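For reference, the structure discussed in these notes is given below.
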Amino acid sequence: MAFKKSELQRAYRTMRVIREFEDRIHSENSLGNVPGFIHLSAGQEASAVGVCWNLNREDYISSTHRGHGHTIAKGCDVRAMMHEIFARASGLCNGKGGSMHMADIGMGMLGANGIVGAGAPLSCGAALAARLRGTDNIAVSFFGDGAYNEGAVLESLNLSKVLNLPIIFVLENNGYGEATPAEYAVAGDILKRAEAFGLVAEETDGHDFFAVEAAARRLIKRAREGKGPALLHSKLSRYYGHFEGDPATYRPKGEVDAIKKERDSLMLFRRRVEGDKLLTVAQLDEIDEAVIAEIDGYIVEAKQAPPPAVETLYRDAYGSY
Amino acid sequence: MTDGIIRLEIPKFGLSMEEGTVTRWLLEEGDSFAAGTDIAEIESSKIANVLEAHTAGILRRKLVAEGDSLPVGGLIGVAADQAVSDEEIDAYLAQSTAASGSKPEGTISNAPAPPAEASPAVSKDTAQVESSRRPAPDTTATTSQPAPGRIVIPESLSLGEGEVNTMEVPLTRHAAQLAERHRLDLSRIPGSGRRGRVSVADIREAVVAEGGSLPRPERPAENVPGSPSTADDSAVRATPLARKLAREAGVNLNDVPLTGDRGRVTKAAVLAVLRSREQTVAGGMEGTAVAPEAQGGPAFRVLPFSATRRTIADRLQASKQTSPHFRVSSDVRVDELLRLRDTLNAELPEARVSINDLVVKACACALQELPHCNVQYVADELRGFERVDIAVAVATKSGLITPVVRDVGSKTLLQLSSEVRSLATQAKAGQLRLEDIEGGTFTVSNLGMYGVRNFDAIINPPQSAILAVGAIRREPVVDGDQLAIGSLVNLTLSSDHRILDGAVAAELLGRLRFLLSNPALMLA
Amino acid sequence: MPQKSIREAINEALLLEMRRDPSVFLIGEDIVGGAGGKGEEVDPWGGVMGVTKGIYGEFPDRIIDTPISEMAYIGAAVGAAVSGMRPVAELMFCDFIGCCLDQVMNQAAKLRYMVGGKAEVPLVIRMQMGGGFSAACQHSQSLYPLFAHIPGLKVVVPSNAYDAKGLLITAIRDNDPVMFFEHKGLYDDKDEVPDGDYSIPFAEARFARDGSDITIVATGRMVKFAIEAADQLASEGIACTVLDPRTVSPFDEISFIESLEETGRLLVVEEAYPFCSFASEVAAIAAQKAFYALSQPVRLLTPPHTPIPFAPELESAYFPDAERIAGSVREMLDAAAPKRGAAA
């Protein structure tokens, strides 16, 4: 598929926003400025943006504990996200969710999730709702290699096929479920497991925006046409530990550095568009600078924003009680 | 107050009377009466009495039914002469109920009987409704506040004649009952619950906000906690030793606290319960705290707790809690006293003098001689008396009664003796009037007839002291240098240390002892 | 007014709401029964208790049989609710919650709060509870206190057909997740139930009996027993209030306290486990908010803190019944009278 120049700029910009968002939170967190648990997705940008590229606002995604990238890629308000990270009243969830529960139902983002694999049934439900309403909307469930062994995901694979739901399961395999390597924890063949449930299954290079986008486009189109669920195995890497503060000593020395040098998603994107003369270095650098300034602005603002009023503690547990 | 209208109220028969029950109306509406006519029988917790007319009039309205209880000052009826019309009486009632500040505190008055709700009978609330059809005359902020304890529904919240609540208002069950009972206009009462649901608290708040009053209904106090369980205790965890001990001693394991790290009943815990039971039994003179039977059947019967009983309980408890009791005790040789009594009774045909009469007489003499002991303590006020009034404790079926013999010092021994006997008889028959039992500075309580050697008595407030008289004992005594047989009585004087110091009490007891062992001095 | 069983009343409520609102759909295991099979009947089961029988004929697309995968289909119901539908999921037995508790406890219950109120989860999960059928440990529990513990969930426990219909309609129209407990021993109990649609607000208790001597709080099947006991006691001159909260969460605290202020005595009867239970919560509310209204200690009548046994003899010893309720009331009133006179 041929991308317009503006589309390429948008794709690169989104990936850059995710990277800058994550890198800055990493440093702010190490300074002790960010409360709570943080799981960063730096390194996984191409997968998030590539999959969401062909989604509409009315399509739903569910995400994982490592959900900032998906949330940004789905089009949610990055400023509000940063405010949420800093636990501000002006945050995307009014300071009630934080990093692990980043969500915007109105944008079709059913939420990051603190429970591994829990998003898969939710996405099944969103897909079922779309089907019952007679629309061609679809749902995507992002999850990791660790979640691929969760009953919730396996049950969802089966249910999605039984009910022929318009859903794409995106297995973002960054090689580690927490500290445990996927090679150790995932038995059998990843694609065959999904195929055994009757799903169409594909594998893609999760570092390469263009590869992910192309694969996701095919599967999404099938789903919209009512041809049923599919699994996309997106192979990629995360740059930081499982959580912020995890020194990731379970990874071989130099692993991350090598990936950054050879398989970095932003680098691959630049190499491609520069090589094909689709965007100039200057244009890309300009995006980088603008994004750095934008995220920096959000952080400055978020630090000064007021925390939620204590009265809000009692709100939102119920619509009415 | 409207001219010619006579308020008939619950009279205050004595200091401690707070409430009265109309037990019987002695007149019908429309009956005319002269001053001094008995209008109704009123009973307080201690005494039955009659409401007398102070002036002549016609009984126009009875506002309470027989059996209804109202606080002292509560309006039970209205009398007036022929000249006053029914309308004027209605207006008076409406006005007087609204102008609550002018009446004694705590009055419960009756609605001027709207046709729909004519029954004045006390409802579940034990209070009665007053529907103030006009605003209270605004004298001062405090007087326009209704007295506590009565229900006053402001007109602004009342449904008019023939009106009904048409709006569907969400209500709690009790709020619905209250609204129906008091004909409340629910459209005027904001609900604070879900969906604007109206609760009893909302109604109360609205009523108060409009200047009315809707107190919580009072339930009679009841229950003594800690009654022995009869439930199956086989499931209660216990050590084997504790279980065996409990079974033998008739203790239900449900009544024993669980202790130890395993939360079981232990032997020590069973023993502690047994000890506390023994104390309870020993502490209750009437011994109603019965140890449970070993197996089956309730271990006790529930006995009626009469108003007299309640009064005794309250007053004696108050006495023990508020007045610091100080006791002095002494044996008195009464051989001469006995001789004197025997002589009197043998020589005078009408005489039936008892030792107790002589003790009362001696007390009167001593108190006359020591006027600083002839005192009462009422509300931080020390009251000294010249006249000596002495109460005599009388045991009756319904409980302890202490009729007062007035001016003992001025009476001859025979007069005194006959009066004490008469009061005791009346007490046992329940015929005492309130004035027979009020006042006095001193009580004599004699348990000698039960063979009691000595005991402590509880002061009957606001009196200053009580003398506990034991049985006459024949005992070896040292008479000069001789061992002889003498008659002895123990006297234990309990005095209120707030007003009688120890030395003063000892002086009083010493004087009594001297008078009783030398009874001729009482003639002086 | 027509007499209908709880089973019929619930079925009627579901149908009425499905007709009224196209976003209402049903999902669960065998709620049609035999889906995709070759049996003669289109909906051979209509749920394991036949509650949803007959709905398939009218709404074949909106009553969905699922694989036996509670996590997936309860989760799908949550996801569908968040994305604009009004699913009514049937969990069959509440005992099965273990297979999908995450979706209920961590997803459905928390979603609205986690996103600062910007989500709604109009979900109903229907399930059976209760013993009395020798169904033993894993099919007899009454786990509603487990859910009442979790903020974000509402918990409904109807005791009769009229309430079941009205409360289910309210539950479906409610925008929060509602756990709807149906006692398996009450499905055939009949009551007067209007044909049309009506709703019963949450947190409004029903006074099944009025009396001034004692307040008996009971839910589900225990309401039936409490009424039997109250009627028996009435002939002995003991007047009981039987208060059926109908919704355990939210709880009608106001009516409850008003009743205590009238009676001064409280017996809580429950079929659920006693420890950290709804019964203990009710007692705690009484202690915190109506202590001075109480004239004697609160009493709880519950099963022992053990699993539910299989043998009929053991099971009948396990649950409270009318006789035990009446016995507890008598004991309380016996213990209530004053016993100590005054000393002179």
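Labeling convention for the structure tokens: chains A, B, ... as they appear, residues from 1 per chain, ligands from 1 in order of appearance.
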Can you list, as a PyMOL selection string, every protein, DNA or RNA residue that comes within 12 Å of stretch 478-481 of chain B when you count only C-alpha atoms, leaving out same-chain residues fewer than 4 positions away? chain B and resi 333+335+485-487
Got time to write the residues from that selection, C-alpha atoms, as a CSV table (one decimal), in the first residue's frame?
chain,number,residue,atom,x,y,z
B,333,ARG,CA,-27.7,-3.1,125.9
B,335,ASP,CA,-32.4,-4.8,129.2
B,485,ILE,CA,-26.6,-12.4,130.6
B,486,GLY,CA,-27.7,-9.3,128.8
B,487,SER,CA,-29.9,-8.3,125.9
Quick one: residues within 12 Å of A:Thr135, only C-alpha atoms counted, chain neighbours fewer than 2 positions away excluded, as a CSV table (one decimal) with N, CA and C atoms, in the first residue's frame?
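Final output, saved to out-v2.csv:
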chain,number,residue,atom,x,y,z
A,58,GLU,N,-14.5,3.8,16.0
A,58,GLU,CA,-15.6,3.0,16.5
A,58,GLU,C,-15.1,1.5,16.8
A,59,ASP,N,-13.9,1.2,16.3
A,59,ASP,CA,-13.3,-0.1,16.6
A,59,ASP,C,-12.7,0.0,18.0
A,126,ALA,N,-16.6,-6.7,22.9
A,126,ALA,CA,-16.8,-5.5,22.0
A,126,ALA,C,-17.1,-6.0,20.6
A,127,ALA,N,-16.4,-7.1,20.2
A,127,ALA,CA,-16.6,-7.6,18.9
A,127,ALA,C,-18.0,-8.2,18.8
A,128,LEU,N,-18.5,-8.8,19.8
A,128,LEU,CA,-19.9,-9.4,19.8
A,128,LEU,C,-20.9,-8.2,19.8
A,129,ALA,N,-20.6,-7.1,20.5
A,129,ALA,CA,-21.5,-6.0,20.5
A,129,ALA,C,-21.6,-5.4,19.0
A,130,ALA,N,-20.4,-5.3,18.4
A,130,ALA,CA,-20.4,-4.8,17.0
A,130,ALA,C,-21.2,-5.7,16.1
A,131,ARG,N,-21.1,-7.0,16.3
A,131,ARG,CA,-21.8,-7.9,15.4
A,131,ARG,C,-23.3,-7.8,15.7
A,132,LEU,N,-23.7,-7.8,17.0
A,132,LEU,CA,-25.1,-7.7,17.4
A,132,LEU,C,-25.7,-6.4,16.8
A,133,ARG,N,-24.9,-5.4,16.8
A,133,ARG,CA,-25.5,-4.1,16.3
A,133,ARG,C,-25.5,-4.0,14.8
A,137,ASN,N,-17.7,-2.9,12.5
A,137,ASN,CA,-16.6,-2.6,13.5
A,137,ASN,C,-16.0,-3.9,14.0
A,138,ILE,N,-14.7,-3.8,14.4
A,138,ILE,CA,-14.0,-5.0,14.9
A,138,ILE,C,-13.4,-4.6,16.2
A,139,ALA,N,-12.8,-5.6,16.8
A,139,ALA,CA,-12.1,-5.4,18.1
A,139,ALA,C,-10.7,-6.0,18.0
A,166,PRO,N,-15.7,-10.8,15.0
A,166,PRO,CA,-14.7,-9.9,14.3
A,166,PRO,C,-13.6,-9.4,15.2
A,223,ALA,N,-11.8,-9.7,9.0
A,223,ALA,CA,-12.7,-9.6,10.2
A,223,ALA,C,-13.9,-8.7,9.8
A,224,ARG,N,-13.7,-7.6,9.2
A,224,ARG,CA,-14.8,-6.7,8.9
A,224,ARG,C,-15.7,-7.3,7.9
A,225,GLU,N,-15.2,-8.2,7.1
A,225,GLU,CA,-16.1,-8.9,6.1
A,225,GLU,C,-16.8,-10.1,6.8
A,226,GLY,N,-16.6,-10.3,8.1
A,226,GLY,CA,-17.3,-11.4,8.8
A,226,GLY,C,-16.7,-12.7,8.6
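For stretch 145-224 of chain C, backbone-based DSSP labels the following residues as alpha helix (DSSP H): C:Pro145, C:Leu146, C:Phe147, C:Ala148, C:Ala161, C:Tyr162, C:Asp163, C:Ala164, C:Lys165, C:Gly166, C:Leu167, C:Leu168, C:Ile169, C:Thr170, C:Ala171, C:Ile172, C:Arg173, C:Arg221, C:Met222, C:Val223, C:Lys224.
Put simply, atom CA of A:Asp189 is 15.6 Å away from atom CA of A:Ala230.
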Interface list for chain A, partner chain C, 7 Å threshold, only C-alpha atoms, as an NGL selection string: :A and (93-94 or 96-97 or 101 or 103 or 105 or 121-126 or 128-129 or 152 or 155-156 or 159 or 316-319 or 321)
Would you export the selected residues with N, CA, C and O atoms as a JSON list (two decimals), in the first residue's frame, please?
[["chain", "number", "residue", "atom", "x", "y", "z"],
["A", 93, "CYS", "N", -8.00, 9.62, 33.16],
["A", 93, "CYS", "CA", -8.96, 8.93, 34.03],
["A", 93, "CYS", "C", -9.18, 9.72, 35.32],
["A", 93, "CYS", "O", -9.49, 9.15, 36.37],
["A", 94, "ASN", "N", -8.98, 11.02, 35.24],
["A", 94, "ASN", "CA", -9.18, 11.91, 36.40],
["A", 94, "ASN", "C", -8.32, 11.50, 37.60],
["A", 94, "ASN", "O", -8.71, 11.70, 38.75],
["A", 96, "LYS", "N", -7.70, 8.51, 38.59],
["A", 96, "LYS", "CA", -8.19, 7.31, 39.28],
["A", 96, "LYS", "C", -7.59, 6.02, 38.74],
["A", 96, "LYS", "O", -7.71, 4.97, 39.36],
["A", 97, "GLY", "N", -6.96, 6.10, 37.56],
["A", 97, "GLY", "CA", -6.49, 4.86, 36.95],
["A", 97, "GLY", "C", -4.97, 4.74, 36.96],
["A", 97, "GLY", "O", -4.42, 3.76, 37.42],
["A", 101, "HIS", "N", -4.16, 1.57, 34.08],
["A", 101, "HIS", "CA", -5.58, 1.53, 33.70],
["A", 101, "HIS", "C", -5.92, 2.63, 32.72],
["A", 101, "HIS", "O", -7.05, 3.09, 32.66],
["A", 103, "ALA", "N", -7.30, 4.43, 29.91],
["A", 103, "ALA", "CA", -8.42, 4.01, 29.07],
["A", 103, "ALA", "C", -9.20, 5.22, 28.60],
["A", 103, "ALA", "O", -9.19, 6.27, 29.25],
["A", 105, "ILE", "N", -12.88, 5.04, 26.77],
["A", 105, "ILE", "CA", -13.90, 4.22, 26.10],
["A", 105, "ILE", "C", -14.41, 4.94, 24.85],
["A", 105, "ILE", "O", -14.64, 4.31, 23.82],
["A", 121, "PRO", "N", -11.15, -11.36, 26.80],
["A", 121, "PRO", "CA", -12.61, -11.50, 26.84],
["A", 121, "PRO", "C", -13.33, -10.18, 26.61],
["A", 121, "PRO", "O", -14.39, -10.15, 25.98],
["A", 122, "LEU", "N", -12.75, -9.08, 27.11],
["A", 122, "LEU", "CA", -13.39, -7.78, 26.91],
["A", 122, "LEU", "C", -13.48, -7.47, 25.43],
["A", 122, "LEU", "O", -14.53, -7.00, 24.94],
["A", 123, "SER", "N", -12.41, -7.72, 24.70],
["A", 123, "SER", "CA", -12.45, -7.46, 23.26],
["A", 123, "SER", "C", -13.44, -8.38, 22.56],
["A", 123, "SER", "O", -14.10, -7.98, 21.61],
["A", 124, "CYS", "N", -13.53, -9.61, 23.03],
["A", 124, "CYS", "CA", -14.56, -10.50, 22.48],
["A", 124, "CYS", "C", -15.94, -9.87, 22.64],
["A", 124, "CYS", "O", -16.77, -9.92, 21.74],
["A", 125, "GLY", "N", -16.15, -9.29, 23.80],
["A", 125, "GLY", "CA", -17.44, -8.65, 24.06],
["A", 125, "GLY", "C", -17.68, -7.47, 23.15],
["A", 125, "GLY", "O", -18.79, -7.28, 22.63],
["A", 126, "ALA", "N", -16.62, -6.66, 22.93],
["A", 126, "ALA", "CA", -16.76, -5.51, 22.04],
["A", 126, "ALA", "C", -17.06, -5.99, 20.62],
["A", 126, "ALA", "O", -17.87, -5.41, 19.90],
["A", 128, "LEU", "N", -18.50, -8.82, 19.83],
["A", 128, "LEU", "CA", -19.86, -9.35, 19.85],
["A", 128, "LEU", "C", -20.87, -8.21, 19.76],
["A", 128, "LEU", "O", -21.86, -8.30, 19.03],
["A", 129, "ALA", "N", -20.59, -7.13, 20.49],
["A", 129, "ALA", "CA", -21.49, -5.98, 20.46],
["A", 129, "ALA", "C", -21.57, -5.42, 19.05],
["A", 129, "ALA", "O", -22.66, -5.09, 18.55],
["A", 152, "ALA", "N", -7.89, -17.03, 30.22],
["A", 152, "ALA", "CA", -8.78, -16.03, 29.65],
["A", 152, "ALA", "C", -8.52, -15.87, 28.16],
["A", 152, "ALA", "O", -9.46, -15.74, 27.37],
["A", 155, "GLU", "N", -9.51, -19.28, 26.34],
["A", 155, "GLU", "CA", -10.97, -19.36, 26.26],
["A", 155, "GLU", "C", -11.50, -18.40, 25.21],
["A", 155, "GLU", "O", -12.46, -18.69, 24.49],
["A", 156, "SER", "N", -10.85, -17.24, 25.14],
["A", 156, "SER", "CA", -11.31, -16.23, 24.19],
["A", 156, "SER", "C", -11.05, -16.67, 22.75],
["A", 156, "SER", "O", -11.86, -16.41, 21.86],
["A", 159, "LEU", "N", -13.83, -19.04, 22.09],
["A", 159, "LEU", "CA", -15.13, -18.37, 21.99],
["A", 159, "LEU", "C", -15.23, -17.55, 20.71],
["A", 159, "LEU", "O", -16.27, -17.54, 20.04],
["A", 316, "ASP", "N", -17.82, 7.77, 41.24],
["A", 316, "ASP", "CA", -17.52, 6.89, 40.10],
["A", 316, "ASP", "C", -17.48, 5.40, 40.41],
["A", 316, "ASP", "O", -17.24, 4.61, 39.51],
["A", 317, "ALA", "N", -17.68, 5.01, 41.68],
["A", 317, "ALA", "CA", -17.73, 3.57, 41.93],
["A", 317, "ALA", "C", -18.99, 3.00, 41.30],
["A", 317, "ALA", "O", -18.99, 1.88, 40.79],
["A", 318, "TYR", "N", -20.04, 3.79, 41.35],
["A", 318, "TYR", "CA", -21.31, 3.38, 40.76],
["A", 318, "TYR", "C", -21.87, 4.54, 39.95],
["A", 318, "TYR", "O", -21.56, 5.70, 40.23],
["A", 319, "GLY", "N", -22.72, 4.21, 39.00],
["A", 319, "GLY", "CA", -23.47, 5.26, 38.34],
["A", 319, "GLY", "C", -24.44, 5.86, 39.33],
["A", 319, "GLY", "O", -24.63, 7.07, 39.41],
["A", 321, "TYR", "N", -26.06, 4.70, 43.48],
["A", 321, "TYR", "CA", -26.02, 3.66, 44.52],
["A", 321, "TYR", "C", -27.00, 4.01, 45.61],
["A", 321, "TYR", "O", -27.11, 5.14, 46.01]]
Best match for closeness to chain C among B:Asp456, B:Glu386, B:Glu248, B:Glu205, counting only C-alpha atoms: B:Asp456
Please, which residues in chain B fall within 12 Å of chain A when counting only C-alpha atoms, and what is the closest atom pair and distance in Å to one decimal for each, ordered by chain then residue number, as JSON lines?
{"residue": "B:Gly193", "atom": "CA", "partner": "A:Tyr321", "partner_atom": "CA", "distance": 10.1}
{"residue": "B:Arg194", "atom": "CA", "partner": "A:Tyr321", "partner_atom": "CA", "distance": 7.4}
{"residue": "B:Arg195", "atom": "CA", "partner": "A:Ser320", "partner_atom": "CA", "distance": 9.7}
Find the spatial neighbours of C:Leu26, counting only C-alpha atoms, within a cut-off of 6 Å - ignore same-chain residues fewer than 5 positions away - and output them as a PyMOL selection string. chain C and resi 63+87-89
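A straight line drawn from atom CA of B:Ala35 to atom CA of B:Ile47 is 22.8 Å long.
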